[in-house]
Amino acid sequence: MGDALRSHDGHERAVEDVRDTGRAEAVVNARVAEYHTYFVGDEQWGFSVWAHNSCGPGGAPVRPHGIDLEALRPTGTVAAHAAERPYIYSPHTIRNIIELGTPRPDPGGVPGALRWDVPGSFRGSEGTFELAIDLATNRILHFLFRSGRR
Amino acid sequence: MDALHFEILPGFSPVRGHPCYVKEDYAFGFQMDGGEKESRKGTQGTTSFVVDTLQLEVAVDSSLCLYIWGYCPTGRWKRSALSPPMAQPGSLRAIHDAPLVPGVSVSLEEMIPGTAWFDPASGWFCMGNNESPTDAQTVEFATGCLAVVMADGRLSSLWVKPENWKEVAGQFSES
C-alpha cells in the first residue's frame with residue numbers, strides 16, 4: 001500500500017487498500033507492441049493506471065533467477081503471518097526486490113534457495129527488506145523489513 | 001540500560017497456544033488459542049524482534065512479546081544437550097526509546113548470538129547463549145517459549161519446544 005501509480009492525465013494515485021475478494025477471475029496478459037505499456041481504466045473507475053504486461057524478450061514470461069513470478073506463493077507459515085501483518089506483505093514490493101536486487105545462495109542452507117537483502121524504507125524507517133525463496137517449490141520462505149542497515 | 005531492553009512481568013499469564021515446527025516451511029510456527037489473538041494483539045498490530053531469521057512476535061500496543069516463530073532451517077542447527085533454565089510463568093515486555101512500528105522488525109543480534117542449538121533428546125531449541133548467565137532470569141511468556149533476560153535487561157537466549165519435537169528430532173538425526 002502507498003505505492004504511487006501514474007494516471008493517463010499525469011496525476012499519481014496511491015494504492016489505498018489491497019483486498020482478497022475471494023473470487024477467482026480470468027485475467028489477460030495484454031501486450032502492446034514496442035513499449036508493452038498502456039493505461040488501464042474506464043469511465044466507471046474515474047481513473048486509469050499505467051501498466052506493463054508480464055513478458056520478457058520475445059514475449060516470453062519473465063522468470064528472473066528462474067522464479068515464476070505469477071505462481072510465486074508464500075509458505076503456509078509466511079502466509080499466516082502475512083495475514084496478520086498485511087501492511088508489510090506486498091506482492092508488488094516482493095516483485096521489485098526480485099527484479100531489482102541481487103540474490104545470493106540462502107545462508108539458511110536450504111539447497112537451491114536464494115536470499116535478497118535490499119536496502120529500502122518502510123513507514124518512515126530506513127532498513128533492509130529480507131527475502132528468501134525456495135526455487136524448487138517457488139515459495140517464499142522468509143520476508144520482512146528490518147530497521148537499520150545491515 | 002540499553003535503549004532496547006526487556007523486563008519480566010511475573011504476574012501476567014503466558015500466551016496460550018501451540019508451538020510447532022513445520023518441516024516443509026523450514027519454520028517454527030505458533031497457533032494461538034482461541035480468544036488469545038484478539039486479546040493480545042491489540043489494535044495497532046504487531047511487529048517482531050529478529051535474530052537471524054527467527055522472530056519474536058511483539059504487540060505494538062502493549063510491547064508484550066507474544067511467541068517465537070519464523071524461518072529456521074534445521075541444516076544450520078548445532079546438536080547440543082540442552083537444559084533449559086528454570087522458568088517462571090509471566091509476560092516479557094520490551095522497553096524501547098523508539099516507538100515500535102507495525103511491520104518494521106528490529107534486530108536483536110547485538111544481544112543474542114545467531115547460533116541455533118537443538119537437543120533431539122529433549123526437543124528444546126535454543127537461539128543464542130545455551131548456557132544461562134548466573135544473574136539471568138527466565139520467563140515462559142508463551143506455551144513452550146522461554147526468554148532468558150540478564151540483569152541489565154538484555155536477552156541472552158530464546159528457547160522453544162515445538163509440540164511435534166519428536167518428529168523434528170527424527171528429521172534432525174537423519175540430516
# chains A, B, ... in the order shown; residues from 1 in each chain; ligands from 1
>>> interface_residues(of="chain B", to="chain A", cutoff="8 Å", atoms="only C-alpha atoms", output="PDB file with C-alpha atoms, in the first residue's frame")
ATOM      1  CA  VAL B  22       6.698 -27.003  10.045  1.00  0.00           C
ATOM      2  CA  ASP B  25       8.290 -24.460   5.538  1.00  0.00           C
ATOM      3  CA  TYR B  26      11.619 -24.847   7.372  1.00  0.00           C
ATOM      4  CA  ALA B  27       9.995 -22.734  10.060  1.00  0.00           C
ATOM      5  CA  PHE B  28       8.689 -22.516  13.583  1.00  0.00           C
ATOM      6  CA  GLY B  29       5.035 -21.613  13.910  1.00  0.00           C
ATOM      7  CA  GLY B  45      -0.964  -4.812  15.037  1.00  0.00           C
ATOM      8  CA  THR B  46       2.375  -6.494  15.519  1.00  0.00           C
ATOM      9  CA  THR B  47       5.976  -6.483  14.520  1.00  0.00           C
ATOM     10  CA  THR B  53      15.544 -15.115  10.601  1.00  0.00           C
ATOM     11  CA  GLY B  70       9.960 -17.870  11.699  1.00  0.00           C
ATOM     12  CA  TYR B  71      12.189 -19.388   9.065  1.00  0.00           C
ATOM     13  CA  CYS B  72      14.857 -21.508  10.712  1.00  0.00           C
ATOM     14  CA  PRO B  73      16.175 -24.424   8.621  1.00  0.00           C
ATOM     15  CA  GLY B  75      20.595 -27.564   8.453  1.00  0.00           C
ATOM     16  CA  ARG B  76      22.132 -24.758  10.494  1.00  0.00           C
ATOM     17  CA  VAL B 101       6.080   0.415  14.160  1.00  0.00           C
ATOM     18  CA  PRO B 102       3.775  -2.292  12.786  1.00  0.00           C
ATOM     19  CA  GLY B 103       5.676  -4.357  10.245  1.00  0.00           C
ATOM     20  CA  VAL B 104       9.073  -2.819  10.987  1.00  0.00           C
ATOM     21  CA  SER B 105      11.183  -5.521  12.599  1.00  0.00           C
ATOM     22  CA  VAL B 106      14.015  -4.752  14.997  1.00  0.00           C
ATOM     23  CA  SER B 107      17.254  -6.707  15.192  1.00  0.00           C
TER      24      SER B 107
END
>>> select_by_dssp(residues="region 30-152 of chain B", states="alpha helix (DSSP H)", output="PyMOL selection string")
chain B and resi 36-41
>>> residues_around(residues="Pro133 (chain B)", least_positions_apart="4", cutoff="9 Å", atoms="only C-alpha atoms", output="ChimeraX atom specification")
/B:129,137,148,150,156
>>> residues_around(residues="Pro162 (chain B)", least_positions_apart="6", cutoff="8 Å", atoms="only C-alpha atoms", output="CSV table (one decimal) with N, CA and C atoms, in the first residue's frame")
chain,number,residue,atom,x,y,z
B,18,HIS,N,0.1,-23.2,20.7
B,18,HIS,CA,0.7,-24.5,20.3
B,18,HIS,C,1.9,-24.2,19.4
B,19,PRO,N,3.1,-24.3,20.0
B,19,PRO,CA,4.3,-24.1,19.2
B,19,PRO,C,4.6,-25.4,18.3
B,20,CYS,N,5.1,-25.2,17.1
B,20,CYS,CA,5.3,-26.3,16.3
B,20,CYS,C,6.5,-26.0,15.3
B,21,TYR,N,7.0,-27.0,14.7
B,21,TYR,CA,8.0,-26.8,13.6
B,21,TYR,C,7.4,-27.4,12.3
B,28,PHE,N,9.5,-22.4,12.4
B,28,PHE,CA,8.7,-22.5,13.6
B,28,PHE,C,7.4,-21.7,13.4
B,123,GLY,N,14.0,-32.2,22.9
B,123,GLY,CA,13.1,-31.4,22.0
B,123,GLY,C,13.3,-29.9,22.1
B,124,TRP,N,14.2,-29.5,23.0
B,124,TRP,CA,14.4,-28.0,23.1
B,124,TRP,C,15.3,-27.4,22.0
B,144,GLY,N,5.6,-23.2,25.8
B,144,GLY,CA,6.8,-23.7,25.1
B,144,GLY,C,7.8,-22.7,24.6
>>> select_by_dssp(residues="region 7-119 of chain B", states="strand (DSSP E or B)", output="VMD selection string")
chain B and resid 7 to 9 15 17 to 22 27 to 32 46 to 51 54 to 59 64 to 71 78 to 79 88 to 89 91 to 96 104 to 107 116 to 118
>>> residues_around(residues="Arg13 (chain A)", least_positions_apart="6", cutoff="9 Å", atoms="only C-alpha atoms", output="VMD selection string")
chain A and resid 2 to 7 47 49
>>> write_last_selection(atoms="N, CA and C atoms", output="JSON list (two decimals), in the first residue's frame")
[["chain", "number", "residue", "atom", "x", "y", "z"],
["A", 2, "GLY", "N", 0.30, 2.31, -0.56],
["A", 2, "GLY", "CA", 1.05, 3.55, -0.61],
["A", 2, "GLY", "C", 1.82, 3.72, -1.91],
["A", 3, "ASP", "N", 1.93, 2.66, -2.71],
["A", 3, "ASP", "CA", 2.62, 2.79, -3.98],
["A", 3, "ASP", "C", 1.90, 3.82, -4.85],
["A", 4, "ALA", "N", 2.67, 4.69, -5.51],
["A", 4, "ALA", "CA", 2.08, 5.71, -6.38],
["A", 4, "ALA", "C", 1.95, 5.17, -7.80],
["A", 5, "LEU", "N", 0.76, 5.24, -8.37],
["A", 5, "LEU", "CA", 0.52, 4.76, -9.73],
["A", 5, "LEU", "C", 0.23, 5.96, -10.63],
["A", 6, "ARG", "N", 0.86, 5.97, -11.79],
["A", 6, "ARG", "CA", 0.72, 7.09, -12.73],
["A", 6, "ARG", "C", -0.55, 6.93, -13.54],
["A", 7, "SER", "N", -1.30, 8.02, -13.68],
["A", 7, "SER", "CA", -2.52, 8.02, -14.45],
["A", 7, "SER", "C", -2.29, 8.68, -15.82],
["A", 47, "PHE", "N", -10.61, 6.76, -13.18],
["A", 47, "PHE", "CA", -9.16, 6.98, -13.22],
["A", 47, "PHE", "C", -8.53, 5.87, -14.06],
["A", 49, "VAL", "N", -4.52, 3.68, -14.63],
["A", 49, "VAL", "CA", -3.16, 3.47, -14.13],
["A", 49, "VAL", "C", -2.29, 2.94, -15.26]]
>>> residues_around(residues="Gly66 (chain A)", least_positions_apart="3", cutoff="10 Å", atoms="only C-alpha atoms", output="PyMOL selection string")
chain A and resi 62-63+69+135-136+138
>>> closest_residue(among="A:Arg115, A:Arg104, A:His8, A:His92", to="Asp42 (chain A)", atoms="only C-alpha atoms")
A:His8
>>> residues_around(residues="Leu56 (chain B)", least_positions_apart="6", cutoff="6 Å", atoms="only C-alpha atoms", output="CSV table (one decimal) with N, CA and C atoms, in the first residue's frame")
chain,number,residue,atom,x,y,z
B,48,SER,N,8.1,-7.6,15.0
B,48,SER,CA,8.9,-8.6,15.6
B,48,SER,C,10.3,-8.1,15.9
B,49,PHE,N,10.9,-8.8,16.8
B,49,PHE,CA,12.4,-8.7,17.1
B,49,PHE,C,13.0,-9.9,16.3
B,67,TYR,N,5.1,-14.7,21.0
B,67,TYR,CA,5.6,-16.0,20.7
B,67,TYR,C,6.8,-16.0,19.8
B,68,ILE,N,7.4,-17.1,19.6
B,68,ILE,CA,8.5,-17.3,18.7
B,68,ILE,C,8.1,-18.0,17.4
>>> atom_distance(atom1="CA of Thr93 (chain A)", atom2="CA of Thr43 (chain B)")
24.7 Å
>>> atom_distance(atom1="CA of Pro120 (chain B)", atom2="CA of Leu108 (chain B)")
25.8 Å
>>> atom_distance(atom1="CA of Met32 (chain B)", atom2="CA of Val58 (chain B)")
13.3 Å
